[in-house]
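> What follows is model.cif, mmCIF, C-alpha atoms and all ligand atoms.
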```
data_coords
#
loop_
_atom_site.label_atom_id
_atom_site.label_comp_id
_atom_site.auth_asym_id
_atom_site.auth_seq_id
_atom_site.Cartn_x
_atom_site.Cartn_y
_atom_site.Cartn_z
CA MET E 1 -32.57 -0.13 -8.06
CA SER E 2 -29.03 0.91 -9.12
CA ILE E 3 -26.24 1.04 -6.54
CA LEU E 4 -26.06 4.81 -6.93
CA ASN E 5 -29.81 5.19 -6.24
CA GLN E 6 -29.64 2.92 -3.17
CA LEU E 7 -26.76 4.91 -1.75
CA GLN E 8 -28.21 8.33 -2.57
CA GLU E 9 -31.55 7.38 -1.04
CA ASN E 10 -29.91 6.37 2.25
CA PHE E 11 -27.20 9.05 2.35
CA PRO E 12 -28.71 12.11 0.60
CA ASP E 13 -26.09 14.44 2.10
CA LEU E 14 -23.07 12.60 0.61
CA ASP E 15 -21.41 13.46 -2.70
CA PHE E 16 -21.54 10.18 -4.65
CA ARG E 17 -20.17 10.38 -8.21
CA GLU E 18 -21.22 8.06 -10.97
CA GLN E 19 -18.74 6.72 -13.57
CA TYR E 20 -15.80 8.52 -12.00
CA LEU E 21 -12.48 8.26 -13.85
CA LEU E 22 -9.78 6.76 -11.60
CA THR E 23 -6.78 7.02 -13.95
CA LYS E 24 -5.47 10.27 -12.51
CA GLN E 25 -6.03 9.14 -8.92
CA THR E 26 -3.52 6.31 -9.23
CA TYR E 27 0.26 6.62 -9.01
CA PHE E 28 0.47 4.43 -12.12
CA LYS E 29 -1.97 6.60 -14.14
CA ILE E 30 -3.69 3.40 -15.24
CA GLY E 31 -7.29 2.25 -14.83
CA GLY E 32 -10.89 2.91 -15.88
CA TYR E 33 -13.98 4.27 -14.13
CA ALA E 34 -15.48 3.60 -10.69
CA GLU E 35 -19.15 2.65 -11.03
CA VAL E 36 -19.80 4.86 -7.97
CA TYR E 37 -17.11 6.90 -6.19
CA LEU E 38 -17.10 8.58 -2.79
CA GLU E 39 -14.50 10.37 -0.68
CA LEU E 40 -15.10 10.38 3.08
CA ASP E 41 -13.15 11.94 5.93
CA GLN E 42 -15.50 11.52 8.91
CA LYS E 43 -15.04 8.29 10.85
CA GLU E 44 -18.73 7.95 11.79
CA LYS E 45 -19.86 8.38 8.17
CA ILE E 46 -17.26 5.87 6.98
CA ILE E 47 -18.65 3.31 9.45
CA GLU E 48 -22.27 4.03 8.41
CA VAL E 49 -21.60 3.74 4.67
CA ILE E 50 -19.47 0.60 4.96
CA SER E 51 -21.95 -1.10 7.31
CA PHE E 52 -24.79 -0.23 4.91
CA CYS E 53 -22.87 -1.71 1.94
CA LYS E 54 -21.94 -4.86 3.86
CA LYS E 55 -25.55 -5.41 4.99
CA ASN E 56 -26.97 -4.73 1.53
CA LYS E 57 -24.34 -6.81 -0.31
CA ILE E 58 -23.04 -3.80 -2.26
CA LYS E 59 -19.51 -4.48 -3.49
CA ILE E 60 -17.11 -2.04 -1.88
CA THR E 61 -13.47 -1.33 -2.78
CA ILE E 62 -11.27 0.77 -0.53
CA LEU E 63 -8.71 3.12 -2.00
CA GLY E 64 -6.02 4.74 0.11
CA GLY E 65 -3.38 6.57 -1.90
CA ALA E 66 -3.79 4.21 -4.90
CA SER E 67 0.00 3.72 -4.97
CA ASN E 68 -0.01 -0.09 -4.85
CA VAL E 69 -2.89 -1.02 -7.12
CA VAL E 70 -3.46 -2.01 -10.72
CA ILE E 71 -6.95 -0.87 -11.65
CA SER E 72 -8.54 -2.69 -14.57
CA ASP E 73 -9.00 -0.73 -17.82
CA ASP E 74 -12.69 -1.71 -17.49
CA GLY E 75 -12.85 0.06 -14.13
CA ILE E 76 -14.18 -1.07 -10.75
CA SER E 77 -17.76 -2.20 -10.18
CA GLY E 78 -19.75 -1.22 -7.07
CA LEU E 79 -18.69 1.54 -4.68
CA VAL E 80 -15.11 2.80 -4.59
CA LEU E 81 -14.59 4.44 -1.22
CA HIS E 82 -11.57 6.73 -0.97
CA LEU E 83 -10.65 7.07 2.70
CA LYS E 84 -9.58 10.53 3.82
CA ASN E 85 -9.90 10.24 7.63
CA ASN E 86 -6.53 11.77 8.38
CA GLN E 87 -6.51 12.81 12.02
CA LEU E 88 -3.56 12.02 14.29
CA VAL E 89 -3.97 11.95 18.06
CA ASP E 90 -1.24 11.66 20.69
CA LEU E 91 -2.97 9.41 23.25
CA ASN E 92 -0.53 10.46 25.98
CA GLN E 93 -0.36 6.86 27.19
CA VAL E 94 2.78 4.86 27.91
CA THR E 95 2.94 1.06 27.59
CA GLN E 96 4.85 -1.28 29.92
CA LYS E 97 7.67 -1.30 27.34
CA LYS E 98 7.90 2.49 27.73
CA GLN E 99 6.39 3.14 24.32
CA TYR E 100 4.08 6.05 23.59
CA LEU E 101 0.78 5.53 21.81
CA VAL E 102 -0.30 7.61 18.83
CA LYS E 103 -3.51 6.95 16.88
CA ALA E 104 -3.85 7.72 13.16
CA GLY E 105 -6.81 7.62 10.78
CA ALA E 106 -6.41 5.11 7.93
CA GLY E 107 -6.65 7.95 5.41
CA LEU E 108 -3.65 9.84 6.80
CA LYS E 109 -0.77 9.99 4.33
CA THR E 110 2.08 7.80 5.55
CA SER E 111 4.62 10.58 4.99
CA LEU E 112 2.51 12.93 7.16
CA LEU E 113 2.27 10.26 9.86
CA VAL E 114 6.07 10.22 9.95
CA LYS E 115 6.45 14.00 9.94
CA LYS E 116 3.82 14.50 12.65
CA THR E 117 5.17 11.80 14.99
CA VAL E 118 8.70 13.18 14.63
CA ASP E 119 7.34 16.67 15.41
CA LEU E 120 5.73 15.21 18.55
CA GLY E 121 9.19 13.99 19.62
CA TYR E 122 8.75 10.27 18.80
CA THR E 123 11.01 7.93 16.85
CA GLY E 124 10.47 4.64 14.97
CA LEU E 125 8.72 5.47 11.73
CA GLU E 126 11.33 7.67 9.99
CA PHE E 127 12.20 5.14 7.25
CA PHE E 128 8.60 5.15 6.03
CA LEU E 129 8.64 8.82 5.05
CA GLY E 130 9.09 7.95 1.35
CA VAL E 131 6.33 5.32 1.21
CA PRO E 132 3.54 6.90 -0.85
CA GLY E 133 -0.09 6.34 0.09
CA THR E 134 -1.92 6.12 3.39
CA VAL E 135 -1.69 4.46 6.78
CA GLY E 136 -4.50 2.04 5.77
CA GLY E 137 -2.61 0.90 2.65
CA ALA E 138 0.65 0.61 4.61
CA ILE E 139 -0.99 -1.65 7.20
CA PHE E 140 -2.90 -3.69 4.59
CA ASN E 141 0.37 -4.85 3.00
CA ASN E 142 2.70 -4.29 5.97
CA ALA E 143 4.86 -1.66 4.24
CA HIS E 144 8.60 -2.14 4.50
CA TYR E 145 11.82 -0.24 4.14
CA LEU E 146 14.55 -2.79 3.43
CA GLU E 147 13.93 -5.26 6.31
CA ASP E 148 12.13 -2.80 8.66
CA LEU E 149 8.39 -3.56 8.68
CA ILE E 150 5.75 -1.00 9.69
CA SER E 151 4.09 -3.75 11.78
CA ASP E 152 7.08 -3.57 14.18
CA HIS E 153 5.61 -0.24 15.33
CA VAL E 154 1.90 -1.16 15.50
CA HIS E 155 0.08 -1.54 18.83
CA GLN E 156 -3.49 -2.18 17.68
CA VAL E 157 -5.84 -1.63 14.77
CA GLU E 158 -9.48 -0.58 14.70
CA ILE E 159 -11.35 -2.35 11.91
CA ILE E 160 -14.78 -2.78 10.38
CA THR E 161 -15.53 -6.49 10.19
CA GLU E 162 -17.14 -8.42 7.34
CA SER E 163 -20.50 -8.09 9.14
CA GLY E 164 -20.12 -4.30 9.45
CA ASP E 165 -19.18 -4.11 13.15
CA VAL E 166 -16.36 -2.00 14.58
CA LYS E 167 -13.72 -3.94 16.51
CA THR E 168 -10.19 -3.38 17.84
CA ILE E 169 -7.57 -6.08 17.31
CA SER E 170 -4.00 -6.33 18.62
CA ALA E 171 -0.95 -6.21 16.35
CA ASP E 172 -0.49 -9.98 16.94
CA GLU E 173 -4.00 -10.66 15.68
CA CYS E 174 -3.20 -8.82 12.43
CA GLU E 175 -1.04 -11.81 11.28
CA PHE E 176 1.64 -9.52 9.89
CA SER E 177 4.55 -10.91 7.91
CA TYR E 178 6.66 -9.64 5.01
CA ASP E 179 4.25 -7.91 2.54
CA ALA E 180 1.26 -9.60 4.19
CA SER E 181 -1.45 -9.26 6.85
CA ARG E 182 -4.77 -10.88 7.69
CA PHE E 183 -6.47 -8.08 5.74
CA HIS E 184 -5.52 -9.81 2.48
CA HIS E 185 -8.05 -12.55 3.19
CA THR E 186 -10.61 -11.17 5.67
CA ASN E 187 -12.34 -8.42 3.70
CA GLU E 188 -12.08 -6.24 6.83
CA ILE E 189 -11.48 -2.52 6.54
CA ILE E 190 -8.78 -0.70 8.49
CA LEU E 191 -10.26 2.36 10.17
CA GLU E 192 -7.60 3.59 12.60
CA VAL E 193 -4.16 2.42 13.66
CA THR E 194 -2.45 2.92 17.02
CA PHE E 195 1.35 3.01 16.82
CA ALA E 196 3.73 2.40 19.77
CA LEU E 197 6.79 4.65 19.52
CA LYS E 198 9.81 5.58 21.57
CA LYS E 199 10.82 9.07 22.64
CA GLY E 200 13.34 10.37 20.14
CA SER E 201 15.45 13.35 19.27
CA LEU E 202 14.57 15.63 16.37
CA GLU E 203 18.16 15.69 15.18
CA LYS E 204 18.51 11.89 15.03
CA SER E 205 15.10 11.50 13.38
CA GLN E 206 16.05 14.01 10.71
CA GLU E 207 19.27 12.11 10.04
CA LEU E 208 17.34 8.83 9.59
CA ILE E 209 14.86 10.54 7.25
CA LYS E 210 17.69 12.03 5.21
CA LYS E 211 19.40 8.63 4.91
CA ALA E 212 16.23 6.84 3.75
CA THR E 213 15.26 9.65 1.36
CA GLN E 214 18.71 9.64 -0.21
CA TYR E 215 18.63 5.85 -0.59
CA ARG E 216 15.28 6.06 -2.41
CA ALA E 217 16.44 8.88 -4.67
CA ASP E 218 19.59 6.90 -5.56
CA THR E 219 17.84 3.62 -6.28
CA GLN E 220 14.25 4.37 -7.43
CA PRO E 221 12.85 6.12 -10.52
CA LEU E 222 10.96 8.66 -8.42
CA GLY E 223 8.66 11.17 -10.13
CA LEU E 224 7.62 8.77 -12.92
CA PRO E 225 4.19 7.02 -12.90
CA SER E 226 4.62 3.60 -11.27
CA SER E 227 3.30 1.47 -8.42
CA GLY E 228 6.67 1.05 -6.77
CA CYS E 229 7.90 -2.55 -6.78
CA ILE E 230 5.61 -4.73 -8.85
CA PHE E 231 6.97 -7.91 -7.25
CA LYS E 232 7.76 -9.01 -3.70
CA ASN E 233 11.33 -9.87 -2.89
CA THR E 234 12.01 -13.61 -3.02
CA PRO E 235 12.85 -15.66 0.09
CA ASN E 236 16.49 -16.73 -0.06
CA SER E 237 17.11 -20.45 -0.64
CA PRO E 238 20.07 -22.87 -0.86
CA GLU E 239 19.84 -22.69 -4.69
CA LEU E 240 19.90 -18.86 -4.69
CA LYS E 241 22.73 -18.81 -2.14
CA LYS E 242 24.76 -21.01 -4.49
CA LEU E 243 24.08 -18.67 -7.41
CA PHE E 244 24.63 -15.47 -5.41
CA PRO E 245 27.02 -16.21 -2.49
CA MET E 246 27.42 -12.47 -1.86
CA PHE E 247 23.81 -12.51 -0.51
CA GLU E 248 24.40 -15.60 1.69
CA SER E 249 23.25 -13.85 4.90
CA ARG E 250 20.16 -12.16 3.42
CA LYS E 251 16.65 -13.40 4.18
CA PHE E 252 15.36 -12.16 0.81
CA ILE E 253 16.78 -11.62 -2.67
CA SER E 254 15.52 -8.47 -4.35
CA ALA E 255 13.10 -9.08 -7.22
CA GLY E 256 14.72 -6.12 -9.00
CA PHE E 257 18.13 -7.84 -8.83
CA LEU E 258 16.74 -11.06 -10.36
CA ILE E 259 14.92 -9.15 -13.14
CA ASP E 260 18.09 -7.20 -13.87
CA ARG E 261 20.16 -10.43 -13.96
CA ALA E 262 17.60 -11.90 -16.38
CA GLY E 263 18.51 -9.00 -18.70
CA LEU E 264 15.04 -7.44 -18.64
CA LYS E 265 15.74 -3.77 -17.76
CA GLY E 266 14.11 -1.56 -20.39
CA THR E 267 11.79 -4.33 -21.68
CA LYS E 268 8.57 -2.71 -22.91
CA VAL E 269 5.01 -3.78 -23.69
CA GLY E 270 2.86 -0.99 -25.14
CA GLY E 271 3.29 2.00 -22.82
CA VAL E 272 4.72 0.12 -19.82
CA GLU E 273 8.43 -0.47 -19.34
CA VAL E 274 10.74 -2.21 -16.84
CA SER E 275 12.63 0.72 -15.26
CA LYS E 276 16.28 1.00 -16.21
CA LYS E 277 17.03 2.38 -12.72
CA HIS E 278 15.24 -0.23 -10.57
CA ALA E 279 14.08 -3.35 -12.40
CA ALA E 280 11.22 -4.16 -9.99
CA PHE E 281 9.64 -0.78 -10.80
CA PHE E 282 7.58 -0.72 -13.99
CA ILE E 283 7.01 2.72 -15.52
CA ASN E 284 4.02 4.03 -17.45
CA SER E 285 5.37 6.18 -20.28
CA GLY E 286 2.00 7.94 -20.53
CA ASP E 287 -0.34 5.79 -22.57
CA GLY E 288 0.18 2.45 -20.81
CA THR E 289 -2.85 0.32 -19.94
CA ALA E 290 -3.57 -2.39 -17.38
CA VAL E 291 -3.52 -4.89 -20.27
CA ASP E 292 0.02 -3.78 -21.26
CA LEU E 293 1.11 -4.05 -17.64
CA LYS E 294 -0.32 -7.55 -17.17
CA LYS E 295 1.40 -8.73 -20.36
CA LEU E 296 4.72 -7.30 -19.15
CA ILE E 297 4.27 -8.94 -15.73
CA LYS E 298 3.62 -12.29 -17.42
CA LEU E 299 6.67 -11.93 -19.65
CA VAL E 300 8.98 -10.99 -16.76
CA LYS E 301 7.69 -13.84 -14.57
CA LYS E 302 8.29 -16.33 -17.38
CA GLU E 303 11.84 -15.12 -18.11
CA VAL E 304 12.84 -15.05 -14.42
CA ASN E 305 11.40 -18.52 -13.96
CA ASN E 306 13.30 -19.84 -17.00
CA LYS E 307 16.53 -18.36 -15.72
CA PHE E 308 16.39 -18.98 -11.94
CA ASN E 309 13.47 -21.39 -11.41
CA ILE E 310 11.79 -18.77 -9.20
CA ASP E 311 8.11 -17.80 -9.23
CA LEU E 312 7.97 -14.05 -8.68
CA GLU E 313 4.87 -12.99 -6.79
CA GLU E 314 3.13 -9.65 -7.34
CA GLU E 315 3.29 -7.03 -4.57
CA VAL E 316 0.60 -4.89 -6.26
CA PHE E 317 -3.13 -5.57 -5.92
CA TYR E 318 -5.45 -5.98 -8.91
CA LEU E 319 -8.75 -4.12 -8.54
CA SER E 320 -11.72 -4.57 -10.89
C1 LIG E 401 7.49 5.42 -5.81
C2 LIG E 401 6.94 4.35 -4.90
C3 LIG E 401 7.72 3.90 -3.84
C4 LIG E 401 7.23 2.92 -2.98
N1 LIG E 401 8.03 2.50 -1.94
C5 LIG E 401 7.56 1.57 -1.08
C6 LIG E 401 8.36 1.13 0.02
O1 LIG E 401 9.46 1.59 0.26
N2 LIG E 401 7.85 0.19 0.84
C7 LIG E 401 6.62 -0.37 0.64
O2 LIG E 401 6.21 -1.22 1.42
N3 LIG E 401 5.85 0.02 -0.40
C8 LIG E 401 6.28 0.97 -1.25
N4 LIG E 401 5.49 1.37 -2.31
C9 LIG E 401 4.17 0.73 -2.52
C10 LIG E 401 3.01 1.51 -1.84
O3 LIG E 401 3.28 2.87 -1.77
C11 LIG E 401 2.72 1.00 -0.44
O4 LIG E 401 2.35 -0.36 -0.50
C12 LIG E 401 1.62 1.80 0.26
O5 LIG E 401 1.63 1.49 1.63
C13 LIG E 401 0.23 1.58 -0.31
O6 LIG E 401 -0.66 2.47 0.34
P1 LIG E 401 -1.92 3.09 -0.40
O7 LIG E 401 -2.68 3.89 0.58
O8 LIG E 401 -1.52 3.80 -1.65
O9 LIG E 401 -2.73 1.77 -0.78
P2 LIG E 401 -3.64 1.56 -2.06
O10 LIG E 401 -2.76 1.44 -3.26
O11 LIG E 401 -4.71 2.58 -2.11
O12 LIG E 401 -4.29 0.15 -1.73
C14 LIG E 401 -3.51 -1.03 -1.71
C15 LIG E 401 -4.41 -2.17 -1.21
O13 LIG E 401 -4.76 -1.91 0.15
C16 LIG E 401 -6.18 -1.88 0.31
N5 LIG E 401 -6.48 -0.84 1.31
C17 LIG E 401 -6.02 0.44 1.33
N6 LIG E 401 -6.48 1.08 2.43
C18 LIG E 401 -7.23 0.17 3.11
C19 LIG E 401 -7.98 0.22 4.33
N7 LIG E 401 -8.05 1.32 5.07
N8 LIG E 401 -8.63 -0.91 4.73
C20 LIG E 401 -8.58 -2.05 3.99
N9 LIG E 401 -7.90 -2.13 2.83
C21 LIG E 401 -7.23 -1.06 2.40
C22 LIG E 401 -6.72 -1.52 -1.08
O14 LIG E 401 -8.05 -1.96 -1.24
C23 LIG E 401 -5.73 -2.26 -1.99
O15 LIG E 401 -6.09 -3.62 -2.09
C24 LIG E 401 5.94 2.36 -3.19
C25 LIG E 401 5.15 2.84 -4.25
C26 LIG E 401 5.63 3.82 -5.10
C27 LIG E 401 4.75 4.33 -6.20
#
```
In structure tokens, how does this file's structure come out?

Amino acid sequence: MSILNQLQENFPDLDFREQYLLTKQTYFKIGGYAEVYLELDQKEKIIEVISFCKKNKIKITILGGASNVVISDDGISGLVLHLKNNQLVDLNQVTQKKQYLVKAGAGLKTSLLVKKTVDLGYTGLEFFLGVPGTVGGAIFNNAHYLEDLISDHVHQVEIITESGDVKTISADECEFSYDASRFHHTNEIILEVTFALKKGSLEKSQELIKKATQYRADTQPLGLPSSGCIFKNTPNSPELKKLFPMFESRKFISAGFLIDRAGLKGTKVGGVEVSKKHAAFFINSGDGTAVDLKKLIKLVKKEVNNKFNIDLEEEVFYLS
């Protein structure tokens, strides 16, 4: 029986779509069809469908905002589940550290999470206003603004385990580090996230938002199809400190800086180009494909390695 038939038979009330084009869903405007596609906003239904897939060995791929993915031109096999559970609840609980707990669905847009928590009078998340995508995607890769990590504000995470059970884990158990979390290797799905925030002032929060928004507008090619930074920043090292003494005290050297110094701004393969504004951003000029993008990634990695003996590592996730 096909995957679509299995799912329709067990969930006749849900709107599964067969061979659903994902190109327009992604920030990069790249990628083929989902074998089966479903959007879900109800937590209980999300749990039921995921548990069913896990138990019946149906391949499942989670999409949040699709702002940090490279979807294959051949599409994604199995079920693509687009999470839309976007509720936000003020738990009205205070921790021993005098932090206030707020719970968000994984499908809530990160920018809305910021706006809503600021409206509730809390502070901590302002710098994440310009991170596209959802809370689930932000937790999966531990979204960052400069050296501020979203994990610094996480209390606990509700997940669906590999065996289809629902479980709550603490922030410590998430194994967060720069651009990483346990979710990269566990196949677990992030369902809801509880944040621990301080009481703030609307005026100060608005100032922080303005500062971060201005920084992004000044440094990033916003409004053009991209996946943000293609590469992670590189841990600083004695060799890099010797080459770039002005960054002596930094923990990381920006991938964009290294790509720029390798003279690669504006380099193009097919319809994908290294941005002239921010060299870690690659831009789709309209007809770019995942194949073009992968070729450009390979070329940039090779040139940067030749020049600085550094292996750039992708920040984006390949889905197929
Ligand atoms: C213009 C632009 C600016 C950006 N700026 C920043 C920035 O400042 N800082 C930063 O960190 N990133 C930035 N990014 C990258 C990206 O927006 C973030 O990584 C974002 O948090 C990804 O969220 P998403 O919902 O779009 O994830 P998606 O792209 O949908 O998914 C990314 C990965 O997470 C997995 N995933 C998503 N949701 C779940 C879930 N609920 N459970 C399990 N797995 C899940 C997916 O399967 C996929 O492997 C930027 C991107 C763009 C286009």
> Output the neighbourhood of ligand LIG 401 (chain E) as an MDAnalysis selection string, that is, all protein and nucleic acid residues with some atom at most 6 Å from the ligand, counting all atoms listed in the file.
chainID E and resid 27 61:69 106 131:134 136:138 140 143:145 189:191 222 226:228 317
> What lies within 12 Å of E:Gly286 using only C-alpha atoms, ignoring chain neighbours under 5 positions off, as a list of chain:residue names?
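Listed by chain and then number, they are E:Thr23, E:Lys24, E:Tyr27, E:Phe28, E:Lys29, E:Ile30, E:Leu224, E:Pro225, E:Ser226, E:Gly270, E:Gly271, E:Val272, E:Glu273, E:Asp292.
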> Find the spatial neighbours of E:Arg261, counting all atoms listed in the file, within a cut-off of 10 Å - ignore same-chain residues fewer than 3 positions away - and output them as number ranges by chain.
E: 255-258, 264-265, 279, 304, 307-308
> Using all atoms listed in the file, determine which residues lie at most 12 Å from stretch 202-215 of chain E, disregarding the query and same-chain residues fewer than 6 positions distant; provide the list as a ChimeraX atom specification.
/E:111,114-131,144-146,148,221-222
> Please save C-alpha atoms of the selected residues as a PDB file, in the frame of the given file.

```
ATOM      1  CA  SER E 111       4.620  10.580   4.990  1.00  0.00           C
ATOM      2  CA  VAL E 114       6.070  10.220   9.950  1.00  0.00           C
ATOM      3  CA  LYS E 115       6.450  14.000   9.940  1.00  0.00           C
ATOM      4  CA  LYS E 116       3.820  14.500  12.650  1.00  0.00           C
ATOM      5  CA  THR E 117       5.170  11.800  14.990  1.00  0.00           C
ATOM      6  CA  VAL E 118       8.700  13.180  14.630  1.00  0.00           C
ATOM      7  CA  ASP E 119       7.340  16.670  15.410  1.00  0.00           C
ATOM      8  CA  LEU E 120       5.730  15.210  18.550  1.00  0.00           C
ATOM      9  CA  GLY E 121       9.190  13.990  19.620  1.00  0.00           C
ATOM     10  CA  TYR E 122       8.750  10.270  18.800  1.00  0.00           C
ATOM     11  CA  THR E 123      11.010   7.930  16.850  1.00  0.00           C
ATOM     12  CA  GLY E 124      10.470   4.640  14.970  1.00  0.00           C
ATOM     13  CA  LEU E 125       8.720   5.470  11.730  1.00  0.00           C
ATOM     14  CA  GLU E 126      11.330   7.670   9.990  1.00  0.00           C
ATOM     15  CA  PHE E 127      12.200   5.140   7.250  1.00  0.00           C
ATOM     16  CA  PHE E 128       8.600   5.150   6.030  1.00  0.00           C
ATOM     17  CA  LEU E 129       8.640   8.820   5.050  1.00  0.00           C
ATOM     18  CA  GLY E 130       9.090   7.950   1.350  1.00  0.00           C
ATOM     19  CA  VAL E 131       6.330   5.320   1.210  1.00  0.00           C
ATOM     20  CA  HIS E 144       8.600  -2.140   4.500  1.00  0.00           C
ATOM     21  CA  TYR E 145      11.820  -0.240   4.140  1.00  0.00           C
ATOM     22  CA  LEU E 146      14.550  -2.790   3.430  1.00  0.00           C
ATOM     23  CA  ASP E 148      12.130  -2.800   8.660  1.00  0.00           C
ATOM     24  CA  PRO E 221      12.850   6.120 -10.520  1.00  0.00           C
ATOM     25  CA  LEU E 222      10.960   8.660  -8.420  1.00  0.00           C
TER      26      LEU E 222
END
```
> Please, which residues in stretch 144-208 of chain E fall within 10 Å of stretch 75-97 of chain E when counting all atoms listed in the file, and what is the closest atom pair and distance in Å to one decimal for each, ordered by chain then residue number, as CSV?

```
residue,atom,partner,partner_atom,distance
E:His155,CA,E:Thr95,CA,9.6
E:Ile190,CA,E:Leu83,CA,9.9
E:Leu191,CA,E:Asn85,CA,8.3
E:Glu192,CA,E:Asn85,CA,8.6
E:Val193,CA,E:Leu88,CA,9.6
E:Thr194,CA,E:Leu91,CA,9.0
E:Phe195,CA,E:Asp90,CA,9.8
E:Ala196,CA,E:Thr95,CA,8.0
E:Leu197,CA,E:Val94,CA,9.3
E:Lys198,CA,E:Lys97,CA,9.2
```
> If I take atom CA of E:Thr219 and atom CA of E:His278, how far is one from the other in Å, to one decimal?
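These two atoms are separated by 6.3 Å.
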> Closest to E:Asn233 among E:Glu313, E:Glu9, E:Glu44, E:Glu248, using all atoms listed in the file?
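Of the candidates, the smallest distance to E:Asn233 is held by E:Glu313.
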> Which neighbours of E:Tyr318 fall inside 8 Å, counting all atoms listed in the file, when residues of the same chain fewer than 6 positions from it are skipped, and could you give them as number ranges by chain?
E: 69-72
> Can you work out the spacing between atom CA of E:Ser170 and atom CA of E:Ile58 in Å, to one decimal?
28.4 Å
> Point out the residue among E:Val316, E:Ile3, E:Val274, E:Leu293 with the least atom-to-atom distance to E:Ala262, counting all atoms listed in the file.
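Ranking E:Val316, E:Ile3, E:Val274, E:Leu293 by distance to E:Ala262, first place goes to E:Val274.
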> At what distance in Å, to one decimal, does atom CA of E:Ser181 lie from atom CA of E:Cys229?
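Going from atom CA of E:Cys229 over to atom CA of E:Ser181 covers 17.8 Å.
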> Please produce, as a tab-separated table, a per-residue contact table for stretch 87-168 of chain E versus stretch 172-177 of chain E (criterion: any atom at most 12 Å away, all atoms listed in the file considered), showing the nearest atom pair and its distance in Å to one decimal, sorted by chain then residue number.

```
residue	atom	partner	partner_atom	distance
E:Ala138	CA	E:Phe176	CA	11.5
E:Ile139	CA	E:Phe176	CA	8.7
E:Phe140	CA	E:Phe176	CA	9.1
E:Asn141	CA	E:Phe176	CA	8.4
E:Asn142	CA	E:Phe176	CA	6.6
E:Ala143	CA	E:Ser177	CA	10.0
E:His144	CA	E:Ser177	CA	10.2
E:Glu147	CA	E:Ser177	CA	11.1
E:Asp148	CA	E:Ser177	CA	11.1
E:Leu149	CA	E:Ser177	CA	8.3
E:Ile150	CA	E:Phe176	CA	9.5
E:Ser151	CA	E:Phe176	CA	6.5
E:Asp152	CA	E:Phe176	CA	9.1
E:His153	CA	E:Phe176	CA	11.5
E:Val154	CA	E:Asp172	CA	9.3
E:His155	CA	E:Asp172	CA	8.7
E:Gln156	CA	E:Asp172	CA	8.4
E:Val157	CA	E:Cys174	CA	8.0
E:Glu158	CA	E:Cys174	CA	10.6
E:Ile159	CA	E:Cys174	CA	10.4
E:Lys167	CA	E:Glu173	CA	11.8
E:Thr168	CA	E:Glu173	CA	9.8
```
> Can I get the selection written as a PDB file, in the frame of the given file, with C-alpha atoms?

```
ATOM      1  CA  ALA E 138       0.650   0.610   4.610  1.00  0.00           C
ATOM      2  CA  ILE E 139      -0.990  -1.650   7.200  1.00  0.00           C
ATOM      3  CA  PHE E 140      -2.900  -3.690   4.590  1.00  0.00           C
ATOM      4  CA  ASN E 141       0.370  -4.850   3.000  1.00  0.00           C
ATOM      5  CA  ASN E 142       2.700  -4.290   5.970  1.00  0.00           C
ATOM      6  CA  ALA E 143       4.860  -1.660   4.240  1.00  0.00           C
ATOM      7  CA  HIS E 144       8.600  -2.140   4.500  1.00  0.00           C
ATOM      8  CA  GLU E 147      13.930  -5.260   6.310  1.00  0.00           C
ATOM      9  CA  ASP E 148      12.130  -2.800   8.660  1.00  0.00           C
ATOM     10  CA  LEU E 149       8.390  -3.560   8.680  1.00  0.00           C
ATOM     11  CA  ILE E 150       5.750  -1.000   9.690  1.00  0.00           C
ATOM     12  CA  SER E 151       4.090  -3.750  11.780  1.00  0.00           C
ATOM     13  CA  ASP E 152       7.080  -3.570  14.180  1.00  0.00           C
ATOM     14  CA  HIS E 153       5.610  -0.240  15.330  1.00  0.00           C
ATOM     15  CA  VAL E 154       1.900  -1.160  15.500  1.00  0.00           C
ATOM     16  CA  HIS E 155       0.080  -1.540  18.830  1.00  0.00           C
ATOM     17  CA  GLN E 156      -3.490  -2.180  17.680  1.00  0.00           C
ATOM     18  CA  VAL E 157      -5.840  -1.630  14.770  1.00  0.00           C
ATOM     19  CA  GLU E 158      -9.480  -0.580  14.700  1.00  0.00           C
ATOM     20  CA  ILE E 159     -11.350  -2.350  11.910  1.00  0.00           C
ATOM     21  CA  LYS E 167     -13.720  -3.940  16.510  1.00  0.00           C
ATOM     22  CA  THR E 168     -10.190  -3.380  17.840  1.00  0.00           C
TER      23      THR E 168
END
```
> So, counting only C-alpha atoms, which residue among E:Ile230, E:Phe252, E:Asn56, E:Phe16 is closest to E:Leu296?
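Of all the options, E:Ile230 lies closest to E:Leu296.
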> For each of E:Ser201, E:Ser51, E:Ser254, E:Ser237, take the minimum atom-to-atom distance to E:Ile160, counting all atoms listed in the file, then give the residue where this is smallest.
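Distance minimum relative to E:Ile160 lands on E:Ser51.
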> With all atoms of stretch 304-314 of chain E from the file as input, state the centre and edge lengths in Å to one decimal of the axis-aligned box that has 6 Å extra on each side, as JSON.

```
{"center_x": 9.8, "center_y": -15.5, "center_z": -11.9, "size_x": 25.4, "size_y": 23.7, "size_z": 22.2}
```
> Taking all atoms listed in the file into account, name the residue in E:Lys109, E:Lys241, E:Lys54, E:Lys199 that is nearest to E:Ser163.
E:Lys54
